[in-house]
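**Q** The structure under discussion is supplied below as structure tokens; questions concerning it will follow.
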Amino acid sequence: MARSPLVDRLRASAPQISVGVLTADWLTLGSQLELIERAGVELLHFDVMDGVFCPMLTLGAPVISGLKTQMLKDVHLMIEEPLSKLDGFVAAGADIITVHVESTRHVHRVLQVLGKMVNATDPNRGIVRGIALNPGTPLEVIEPLAGEFELVLLLAVNPGWGGQKFIASTCERVKRAREIVRDTALICVDGGVTRDNIGNVARLGADIIVTGSAVFDGKSPFENAKHMMDALR
């Protein structure tokens, strides 16, 4: 199966941040998104939680579809049994769709089906298939899935609870994940990333680093996003 052209684009611009929208001010969301895009952000991260896979209930495909932006839509599905729900997120314009290995018995099937889907925004650029692992999940589970994903997302916190600190063991997991996938997949780190530690996370070799509250909570999204982008360089 041909690799999504987006993979090469993302690798060429790595490392970069994917900014989570959940902590933004939704009353001024349009203007806030314009600010972070002006700061150079290329990826907008959507944490989709169903209240079952993890305790929080957040947003769904209609919200993702409704946000008009030139940034790539990076959709992280923290939901049970995602197979039947893929169509809605693809139709919403997702450029990256990441599913959890823990979310279904048949994650290989989910990735296979996703690999045959067409990007609704631009059919020529494909959809990046991501596989996500909770902090307690062994990295070895991705080895049988080789060839069916282009991105590995390592959670550095437990999904669904706010205010958690970056789990230190994630550092070794990033290095080990790179050894497993080598240059066949992008590495993404998600959770507990702050202005203070983003540089250290980038030095681990992550291609994409997800951050949300560090950009939006200070009410200066442009300056915060620029700070995070500069820290990667």
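Residue names in the structure tokens use chain letters A, B, ... in the order shown, residue numbers from 1 in each chain, and ligand numbers from 1 in the order shown.
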Based on DSSP run over this structure's backbone, return all residues of range 81-169 of chain A in strand (DSSP E), as JSON, numbers by chain.

**A** {"A": [96, 97, 98, 99, 100, 128, 129, 130, 131, 132, 133, 151, 152, 153, 154, 155]}

**Q** Pick out the residues sitting within 8 Å of Ala177 in chain A, and hand them over as a CSV table (one decimal) with N, CA, C and O atoms, in the first residue's frame; count only C-alpha atoms, and ignore anything fewer than 3 positions along from it in its own chain.

**A**
```
chain,number,residue,atom,x,y,z
A,139,LEU,N,5.5,-1.5,24.1
A,139,LEU,CA,5.8,-1.0,22.8
A,139,LEU,C,5.7,-2.2,21.8
A,139,LEU,O,5.5,-2.0,20.6
A,152,VAL,N,3.3,6.7,15.2
A,152,VAL,CA,3.2,6.1,16.5
A,152,VAL,C,3.0,7.2,17.5
A,152,VAL,O,3.9,8.1,17.6
A,173,ARG,N,10.7,5.3,26.3
A,173,ARG,CA,9.8,4.7,25.4
A,173,ARG,C,9.9,5.4,24.0
A,173,ARG,O,9.8,4.7,22.9
A,174,VAL,N,10.2,6.7,23.9
A,174,VAL,CA,10.4,7.3,22.6
A,174,VAL,C,11.6,6.8,21.9
A,174,VAL,O,11.6,6.5,20.7
A,180,ILE,N,12.3,0.6,17.0
A,180,ILE,CA,11.4,-0.4,16.4
A,180,ILE,C,11.0,0.1,15.0
A,180,ILE,O,11.0,-0.7,14.1
A,181,VAL,N,10.6,1.3,14.9
A,181,VAL,CA,10.0,1.8,13.6
A,181,VAL,C,11.1,2.3,12.7
A,181,VAL,O,10.8,2.5,11.5
A,182,ARG,N,12.2,2.7,13.2
A,182,ARG,CA,13.3,3.4,12.5
A,182,ARG,C,12.7,4.5,11.6
A,182,ARG,O,12.1,5.4,12.2
A,187,ILE,N,7.1,9.6,14.9
A,187,ILE,CA,6.9,9.5,16.4
A,187,ILE,C,6.3,10.7,16.9
A,187,ILE,O,6.8,11.8,16.7
```

**Q** Need the shell around Gly130 in chain A: protein/DNA/RNA residues with any atom at most 10 Å away, counting only C-alpha atoms. Skip same-chain ones fewer than 2 positions apart. Format as a list in words?

**A** Asp74, Val75, His76, Leu77, Ile96, Ile97, Thr98, Val99, His100, Val101, Leu111, Leu114, Ile127, Val128, Ala132, Glu148, Phe149, Glu150, Leu151, Val152, Leu153, Ala185, Leu186, Ile187 and Cys188 of chain A

**Q** List as a VMD selection string the protein and nucleic acid residues near range 154-161 of chain A, meaning an atom at most 9 Å away when only C-alpha atoms are counted, but skip any in the same chain fewer than 2 places from it.

**A** chain A and resid 49 51 53 to 57 78 131 to 136 152 163 to 171 173 to 174 177 187 to 193

**Q** Save the residues we just selected, N, CA, C and O atoms, as a short mmCIF file (atom, residue, chain, number, x, y, z; two decimals), in the first residue's frame?

**A**
```cif
data_model
loop_
_atom_site.label_atom_id
_atom_site.label_comp_id
_atom_site.auth_asym_id
_atom_site.auth_seq_id
_atom_site.Cartn_x
_atom_site.Cartn_y
_atom_site.Cartn_z
N MET A 49 -12.90 12.10 22.69
CA MET A 49 -13.13 11.16 23.80
C MET A 49 -14.62 10.86 23.90
O MET A 49 -15.45 11.76 23.77
N GLY A 51 -16.16 9.18 26.56
CA GLY A 51 -16.66 8.92 27.91
C GLY A 51 -16.69 7.44 28.27
O GLY A 51 -17.16 7.08 29.34
N PHE A 53 -13.94 4.95 26.59
CA PHE A 53 -12.53 4.56 26.57
C PHE A 53 -11.75 5.29 27.65
O PHE A 53 -10.84 4.75 28.27
N CYS A 54 -12.11 6.55 27.86
CA CYS A 54 -11.56 7.32 28.97
C CYS A 54 -12.71 8.19 29.51
O CYS A 54 -13.72 8.37 28.84
N PRO A 55 -12.60 8.71 30.72
CA PRO A 55 -13.77 9.27 31.40
C PRO A 55 -14.35 10.54 30.79
O PRO A 55 -15.52 10.83 30.99
N MET A 56 -13.57 11.30 30.07
CA MET A 56 -14.07 12.56 29.54
C MET A 56 -14.88 12.35 28.26
O MET A 56 -14.67 11.39 27.52
N LEU A 57 -15.79 13.27 28.01
CA LEU A 57 -16.56 13.33 26.77
C LEU A 57 -16.24 14.68 26.14
O LEU A 57 -16.45 15.72 26.76
N MET A 78 -9.78 8.65 20.99
CA MET A 78 -9.75 7.93 22.26
C MET A 78 -11.16 7.42 22.53
O MET A 78 -11.87 7.89 23.42
N ILE A 131 -1.10 4.95 15.27
CA ILE A 131 -1.43 3.98 16.32
C ILE A 131 -0.95 4.55 17.64
O ILE A 131 0.20 4.98 17.77
N ALA A 132 -1.85 4.64 18.62
CA ALA A 132 -1.55 5.25 19.91
C ALA A 132 -1.43 4.19 21.00
O ALA A 132 -2.13 3.17 20.96
N LEU A 133 -0.54 4.47 21.96
CA LEU A 133 -0.33 3.56 23.08
C LEU A 133 -0.43 4.34 24.39
O LEU A 133 0.20 5.38 24.56
N ASN A 134 -1.22 3.80 25.33
CA ASN A 134 -1.26 4.34 26.68
C ASN A 134 0.07 4.10 27.38
O ASN A 134 0.85 3.22 26.97
N PRO A 135 0.36 4.84 28.46
CA PRO A 135 1.66 4.70 29.13
C PRO A 135 1.96 3.28 29.61
O PRO A 135 3.13 2.88 29.67
N GLY A 136 0.93 2.50 29.94
CA GLY A 136 1.17 1.15 30.46
C GLY A 136 1.18 0.06 29.42
O GLY A 136 1.27 -1.13 29.77
N VAL A 152 3.34 6.69 15.19
CA VAL A 152 3.16 6.09 16.52
C VAL A 152 3.03 7.23 17.52
O VAL A 152 3.92 8.08 17.63
N GLY A 163 -4.35 18.00 34.12
CA GLY A 163 -3.40 18.40 35.15
C GLY A 163 -2.32 17.41 35.48
O GLY A 163 -1.65 17.55 36.51
N GLN A 164 -2.11 16.41 34.64
CA GLN A 164 -1.09 15.41 34.94
C GLN A 164 0.29 15.88 34.49
O GLN A 164 0.43 16.64 33.53
N LYS A 165 1.31 15.37 35.18
CA LYS A 165 2.69 15.68 34.82
C LYS A 165 3.20 14.66 33.79
O LYS A 165 2.74 13.53 33.73
N PHE A 166 4.15 15.10 33.01
CA PHE A 166 4.80 14.26 32.01
C PHE A 166 5.44 13.04 32.70
O PHE A 166 6.21 13.18 33.63
N ILE A 167 5.08 11.85 32.26
CA ILE A 167 5.61 10.62 32.85
C ILE A 167 7.04 10.40 32.36
O ILE A 167 7.29 10.29 31.15
N ALA A 168 7.98 10.36 33.29
CA ALA A 168 9.40 10.35 32.94
C ALA A 168 9.80 9.14 32.08
O ALA A 168 10.67 9.25 31.21
N SER A 169 9.15 8.01 32.29
CA SER A 169 9.51 6.82 31.53
C SER A 169 9.21 6.95 30.04
O SER A 169 9.68 6.14 29.23
N THR A 170 8.44 7.98 29.68
CA THR A 170 8.14 8.22 28.26
C THR A 170 9.42 8.48 27.48
O THR A 170 9.51 8.13 26.30
N CYS A 171 10.40 9.07 28.12
CA CYS A 171 11.66 9.38 27.43
C CYS A 171 12.29 8.12 26.85
O CYS A 171 12.67 8.08 25.67
N ARG A 173 10.75 5.34 26.31
CA ARG A 173 9.81 4.74 25.35
C ARG A 173 9.94 5.38 23.97
O ARG A 173 9.82 4.70 22.95
N VAL A 174 10.20 6.68 23.92
CA VAL A 174 10.39 7.34 22.63
C VAL A 174 11.62 6.78 21.93
O VAL A 174 11.58 6.46 20.73
N ALA A 177 10.82 3.25 20.76
CA ALA A 177 9.91 3.27 19.61
C ALA A 177 10.65 3.61 18.34
O ALA A 177 10.40 3.02 17.27
N ILE A 187 7.14 9.64 14.92
CA ILE A 187 6.93 9.47 16.36
C ILE A 187 6.29 10.74 16.92
O ILE A 187 6.77 11.84 16.68
N CYS A 188 5.20 10.54 17.65
CA CYS A 188 4.47 11.66 18.25
C CYS A 188 4.39 11.45 19.76
O CYS A 188 4.16 10.33 20.21
N VAL A 189 4.58 12.51 20.52
CA VAL A 189 4.46 12.48 21.98
C VAL A 189 3.32 13.40 22.39
O VAL A 189 3.23 14.54 21.91
N ASP A 190 2.44 12.92 23.27
CA ASP A 190 1.23 13.65 23.61
C ASP A 190 1.01 13.59 25.12
O ASP A 190 0.90 12.52 25.70
N GLY A 191 0.93 14.78 25.75
CA GLY A 191 0.57 14.83 27.16
C GLY A 191 1.65 15.41 28.04
O GLY A 191 2.81 15.01 27.96
N GLY A 192 1.29 16.38 28.88
CA GLY A 192 2.22 16.92 29.86
C GLY A 192 3.32 17.79 29.28
O GLY A 192 4.30 18.06 29.96
N VAL A 193 3.16 18.24 28.04
CA VAL A 193 4.19 19.06 27.41
C VAL A 193 3.97 20.53 27.78
O VAL A 193 2.87 21.06 27.63
#
```

**Q** Please, which residues of chain A, numbered as in this document, come out alpha helix (DSSP H) from DSSP, as a count of residues only?

**A** 73

**Q** In Å to one decimal, how far is CA of Glu223 in chain A from CA of Arg203 in chain A?

**A** 21.9 Å

**Q** I'd like the interatomic distance between CA of Arg11 in chain A and CA of Lys116 in chain A, to a tenth of an Å.

**A**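 Computed distance, CA of Arg11 in chain A to CA of Lys116 in chain A, equals 21.9 Å.
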
**Q** Which one of A:Thr104, A:Ala225, A:Leu232, A:Lys219 sits closest to Asp25 in chain A if you count only C-alpha atoms?

**A**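 The shortest atom-to-atom distance to Asp25 in chain A comes from A:Lys219.
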
**Q** Measuring between only C-alpha atoms, which one of A:Asn200, A:Thr194, A:Asn124, A:Ser103 shows the shortest distance to Asp217 in chain A?

**A**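 When distances to Asp217 in chain A are compared using only C-alpha atoms, the smallest one comes from A:Thr194.
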
**Q** What is the CA of Ala146 in chain A-CA of Asp122 in chain A distance in Å, reported with one decimal?

**A** 25.7 Å

**Q** Hey, which bits of range 6-119 of chain A sit within 6 Å of range 205-210 of chain A, and for each residue what's the closest pair of atoms and how far apart in Å (one decimal), counting only C-alpha atoms, rows by chain and increasing number, as JSON lines?

**A**
```
{"residue": "A:Ala14", "atom": "CA", "partner": "A:Asp207", "partner_atom": "CA", "distance": 4.9}
{"residue": "A:Pro15", "atom": "CA", "partner": "A:Asp207", "partner_atom": "CA", "distance": 4.4}
{"residue": "A:Gln16", "atom": "CA", "partner": "A:Ile208", "partner_atom": "CA", "distance": 5.1}
{"residue": "A:Ile17", "atom": "CA", "partner": "A:Ile209", "partner_atom": "CA", "distance": 4.7}
{"residue": "A:Ser18", "atom": "CA", "partner": "A:Val210", "partner_atom": "CA", "distance": 4.7}
{"residue": "A:Val19", "atom": "CA", "partner": "A:Val210", "partner_atom": "CA", "distance": 5.8}
```

**Q** Would you output that residue set with C-alpha atoms, as a JSON list (two decimals), in the first residue's frame?

**A**
```
[["chain", "number", "residue", "atom", "x", "y", "z"],
["A", 14, "ALA", "CA", 9.85, 17.89, 11.87],
["A", 15, "PRO", "CA", 10.00, 18.48, 14.72],
["A", 16, "GLN", "CA", 6.80, 20.44, 14.99],
["A", 17, "ILE", "CA", 3.91, 20.96, 17.36],
["A", 18, "SER", "CA", 0.31, 19.84, 16.97],
["A", 19, "VAL", "CA", -1.85, 22.22, 18.98]]
```

**Q** If you count only C-alpha atoms, which residues fall within 12 Å of Val63 in chain A, apart from same-chain ones fewer than 5 positions away, as a list in words?

**A**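 Contacts, in chain order: Val21, Leu22, Trp26, Leu29, Phe46, Asp47, Val48, Thr58, Lys68, Lys73, Val75, Gly88, Phe89, Ala91, Ala92, Gly93 and Ala94 of chain A.
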